[in-house]
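Everything below concerns the one structure shown next.
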Amino acid sequence: MLSREEIIRNSKKHLGEPYVWGGESMEEGGYDCSGFVWRVLNDSGMRVGRTTADGYRRLGSEIPASQMQPADLLFFGKPTKATHIAVYAGDGMMYESIGGSRNTKSNPGRGVTLSSVSRRRDLTEVRTLFGEPAQSPAQGASGKGAYTRKDFIRDIQAAIGAKVDGIAGQETLSKTVTLSAARNRKHPAVRPVQKYLASLQYRSVGEADGIAGAKFTAAVKAYQKDVLGYRTPDGEITAGNKTWKSLLGMS
C-alpha cells in the first residue's frame with residue numbers, strides 16, 4: 001500500500017545521484033526531475049508511466065500549498081505548464097533532481113538534493129496522492145469552506161519564494177511582486193489572491209484560474225475602494241505597497 005513514509009524513504013535513498021536529461025536510472029547515468037519522481041513512485045508501489053513534470057499533474061488531487069505534507073508533489077513553472085517537479089520532504093524542504101538539458105551521462109548535473117522549497121519562486125501547484133479531498137477555490141486548511149488569512153499568507157509565501165510559516169513580515173513583503181492585468185498576470189501568486197478575495201465576498205473575482213484578467217482587476221479595485229478608501233483604485237497590487245500590506249494583514 002502506498003505510504004508517505006515509503007515515498008520519503010525512496011526519495012532520500014537517491015540523494016547525491018546525478019542529473020541526466022531524460023534519465024530515469026543510474027544505468028543511464030542519473031535522473032532528470034520527472035525521471036526521479038517516476039522512479040520514487042514506482043519503487044514505492046505506485047505504477048505510473050514515464051512522462052514529463054507537467055504530465056504528472058494528472059495524478060492525485062490539487063491542494064492549497066498551506067496544506068502540503070511530506071510526500072506530496074510540488075510543481076514549478078507556469079499555471080499552464082509545469083517545467084519542474086519535486087517531492088515535498090516537510091519543514092519547507094523538498095527532494096528534487098537539479099540540472100538542465102545540457103546534462104548528459106558524460107556531463108551530469110547536480111542531481112538529487114534536499115533543498116528549500118523557497119529555492120524557486122515559481123511554485124504553481126501542489127498535488128497529493130493520498131485521497132484528501134481537493135479544496136474549492138474559497139476553501140482552506142480548515143476544510144470547512146474558510147480560506148483564512150493564514151492559508152493565504154502561506155500560499156503567497158510559497159508562490160514568491162519566502163519562508164512558508166503563515167506569518168507575514170518584512171521578508172514576505174520584500175519578496176512580493178506586482179500583480180495586474182499588465183504585469184505578472186500569470187504569476188503563481190495570482191491564484192491565492194483570487195481565492196482570498198473570494199473568501200472576503202468579492203465574488204466578482206470569478207474562478208481562481210491563476211490569471212489576472214478583467215475580473216481580477218475589478219475585484220482588486222473594489223477591495224482598494226472598500227478597504228483602503230482609494231478614490232481612484234487602479235486594480236494593481238504593487239510590490240511591497242499598501243494593497244499587499246493590507247491583504248497580508250500588515251496594516
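In the C-alpha cells, each chain is lettered A, B, ... as it comes, each chain's residues begin at 1, and ligands are numbered from 1 in order of appearance.
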Sorted per-residue table, stretch 95-115 of chain A near stretch 17-26 of chain A, closest atoms and distance, 7 Å, only C-alpha atoms, as a tab-separated table:
```
residue	atom	partner	partner_atom	distance
A:Ser97	CA	A:Tyr19	CA	6.1
A:Ile98	CA	A:Tyr19	CA	6.2
A:Gly99	CA	A:Tyr19	CA	5.5
A:Gly100	CA	A:Trp21	CA	6.4
A:Ser101	CA	A:Trp21	CA	5.3
A:Asn103	CA	A:Val20	CA	5.2
A:Thr104	CA	A:Val20	CA	4.9
A:Lys105	CA	A:Val20	CA	6.0
A:Pro108	CA	A:Tyr19	CA	5.4
A:Gly109	CA	A:Tyr19	CA	4.5
A:Arg110	CA	A:Pro18	CA	5.6
A:Gly111	CA	A:Pro18	CA	3.8
A:Val112	CA	A:Glu17	CA	5.5
```
request  = Please identify all polymer residues within 9 Å of stretch 72-81 of chain A, counting only C-alpha atoms, omitting same-chain residues fewer than 2 positions from it, and present them as an NGL selection string.
outcome  = :A and (4 or 37 or 53-54 or 56-57 or 65 or 68-70 or 83-89 or 94 or 117 or 120-130 or 186-188 or 209-211)
Export N, CA, C and O atoms of the chosen residues as a compact mmCIF listing (two decimals), in the first residue's frame?
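And here's again-v8.txt as it stands now:
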```txt
# COMPACT_ATOMS: atom_id res chain seq x y z
N ARG A 4 3.18 7.60 2.67
CA ARG A 4 4.04 8.78 2.66
C ARG A 4 5.46 8.40 3.09
O ARG A 4 6.46 8.87 2.51
N VAL A 37 11.11 11.37 -9.94
CA VAL A 37 9.79 11.15 -9.34
C VAL A 37 9.20 9.84 -9.86
O VAL A 37 8.59 9.08 -9.09
N ALA A 53 7.28 16.48 -16.22
CA ALA A 53 6.77 17.08 -14.99
C ALA A 53 5.31 17.47 -15.16
O ALA A 53 4.47 17.19 -14.29
N ASP A 54 4.97 18.09 -16.28
CA ASP A 54 3.59 18.53 -16.49
C ASP A 54 2.64 17.34 -16.59
O ASP A 54 1.50 17.41 -16.16
N TYR A 56 2.63 14.66 -14.89
CA TYR A 56 2.26 14.13 -13.58
C TYR A 56 1.21 14.98 -12.87
O TYR A 56 0.76 14.61 -11.78
N ARG A 57 0.80 16.06 -13.50
CA ARG A 57 -0.28 16.85 -12.92
C ARG A 57 -1.62 16.12 -13.02
O ARG A 57 -2.62 16.56 -12.45
N ALA A 65 -1.17 25.14 -1.10
CA ALA A 65 0.21 24.98 -0.62
C ALA A 65 0.26 24.95 0.90
O ALA A 65 1.14 24.33 1.49
N MET A 68 0.23 21.29 2.27
CA MET A 68 1.13 20.24 1.79
C MET A 68 1.80 19.51 2.95
O MET A 68 2.13 20.08 3.98
N GLN A 69 1.94 18.19 2.74
CA GLN A 69 2.54 17.30 3.72
C GLN A 69 3.66 16.51 3.04
O GLN A 69 3.71 16.41 1.81
N PRO A 70 4.56 15.92 3.83
CA PRO A 70 5.62 15.11 3.24
C PRO A 70 5.06 14.07 2.27
O PRO A 70 4.05 13.43 2.54
N THR A 83 7.24 22.85 -15.44
CA THR A 83 8.52 22.50 -16.05
C THR A 83 9.46 21.80 -15.06
O THR A 83 10.55 21.39 -15.44
N HIS A 84 9.03 21.67 -13.81
CA HIS A 84 9.87 21.02 -12.79
C HIS A 84 8.96 20.38 -11.76
O HIS A 84 7.88 20.90 -11.46
N ILE A 85 9.40 19.26 -11.20
CA ILE A 85 8.62 18.53 -10.21
C ILE A 85 9.54 18.10 -9.07
O ILE A 85 10.72 17.82 -9.30
N ALA A 86 8.99 18.07 -7.86
CA ALA A 86 9.76 17.66 -6.68
C ALA A 86 8.84 16.96 -5.71
O ALA A 86 7.61 16.99 -5.84
N VAL A 87 9.43 16.32 -4.70
CA VAL A 87 8.69 15.64 -3.64
C VAL A 87 8.87 16.45 -2.36
O VAL A 87 10.01 16.70 -1.94
N TYR A 88 7.76 16.85 -1.74
CA TYR A 88 7.86 17.63 -0.52
C TYR A 88 8.38 16.75 0.62
O TYR A 88 7.88 15.65 0.86
N ALA A 89 9.40 17.26 1.33
CA ALA A 89 10.04 16.49 2.40
C ALA A 89 9.56 16.89 3.78
O ALA A 89 9.79 16.17 4.76
N MET A 94 12.40 20.04 0.11
CA MET A 94 11.92 19.14 -0.93
C MET A 94 13.07 18.32 -1.50
O MET A 94 14.23 18.74 -1.49
N VAL A 117 12.16 24.65 -0.50
CA VAL A 117 11.12 24.95 -1.48
C VAL A 117 11.28 26.39 -1.98
O VAL A 117 11.02 26.70 -3.14
N ARG A 120 13.12 28.09 -5.37
CA ARG A 120 12.46 28.54 -6.59
C ARG A 120 11.29 29.43 -6.24
O ARG A 120 10.65 29.25 -5.20
N ARG A 121 10.99 30.37 -7.10
CA ARG A 121 9.92 31.32 -6.84
C ARG A 121 8.71 31.07 -7.73
O ARG A 121 7.83 31.92 -7.85
N ASP A 122 8.66 29.89 -8.36
CA ASP A 122 7.59 29.65 -9.33
C ASP A 122 6.76 28.41 -8.99
O ASP A 122 6.29 27.71 -9.89
N LEU A 123 6.58 28.13 -7.68
CA LEU A 123 5.69 27.04 -7.30
C LEU A 123 4.28 27.36 -7.81
O LEU A 123 3.71 28.40 -7.48
N THR A 124 3.74 26.47 -8.62
CA THR A 124 2.45 26.76 -9.23
C THR A 124 1.34 25.81 -8.79
O THR A 124 0.16 26.12 -8.91
N GLU A 125 1.72 24.64 -8.24
CA GLU A 125 0.68 23.67 -7.88
C GLU A 125 1.24 22.65 -6.90
O GLU A 125 2.41 22.28 -6.97
N VAL A 126 0.38 22.20 -5.97
CA VAL A 126 0.71 21.10 -5.06
C VAL A 126 -0.36 20.04 -5.23
O VAL A 126 -1.55 20.34 -5.21
N ARG A 127 0.07 18.78 -5.36
CA ARG A 127 -0.89 17.69 -5.53
C ARG A 127 -0.58 16.58 -4.52
O ARG A 127 0.59 16.29 -4.24
N THR A 128 -1.63 16.00 -3.97
CA THR A 128 -1.47 14.89 -3.04
C THR A 128 -1.96 13.60 -3.67
O THR A 128 -2.90 13.60 -4.47
N LEU A 129 -1.34 12.51 -3.30
CA LEU A 129 -1.70 11.18 -3.81
C LEU A 129 -2.50 10.37 -2.80
O LEU A 129 -2.78 9.21 -3.03
N PHE A 130 -2.89 11.02 -1.71
CA PHE A 130 -3.39 10.26 -0.57
C PHE A 130 -4.85 10.49 -0.24
O PHE A 130 -5.26 10.32 0.90
N LYS A 186 0.12 36.06 -14.91
CA LYS A 186 0.00 34.61 -14.70
C LYS A 186 0.97 34.13 -13.62
O LYS A 186 1.30 32.95 -13.56
N HIS A 187 1.40 35.03 -12.77
CA HIS A 187 2.31 34.65 -11.68
C HIS A 187 1.60 33.69 -10.71
O HIS A 187 0.39 33.80 -10.51
N PRO A 188 2.33 32.73 -10.11
CA PRO A 188 1.69 31.81 -9.16
C PRO A 188 0.98 32.49 -7.99
O PRO A 188 0.13 31.86 -7.34
N ASP A 209 -8.38 30.97 -11.43
CA ASP A 209 -7.72 30.34 -12.58
C ASP A 209 -6.26 30.74 -12.72
O ASP A 209 -5.57 30.30 -13.64
N GLY A 210 -5.77 31.60 -11.82
CA GLY A 210 -4.37 32.00 -11.87
C GLY A 210 -4.05 33.03 -12.92
O GLY A 210 -2.88 33.27 -13.22
N ILE A 211 -5.07 33.69 -13.45
CA ILE A 211 -4.86 34.70 -14.49
C ILE A 211 -5.46 36.03 -14.03
O ILE A 211 -6.65 36.11 -13.71
```
request  = Point out the residue among A:Val205, A:Leu248, A:Asn107, A:Gly213 with the least atom-to-atom distance to A:Thr172, counting only C-alpha atoms.
outcome  = A:Leu248
request  = For atom CA of A:Thr148 and atom CA of A:Glu96, determine how far apart the two atoms are, in Å to one decimal place.
outcome  = 29.8 Å
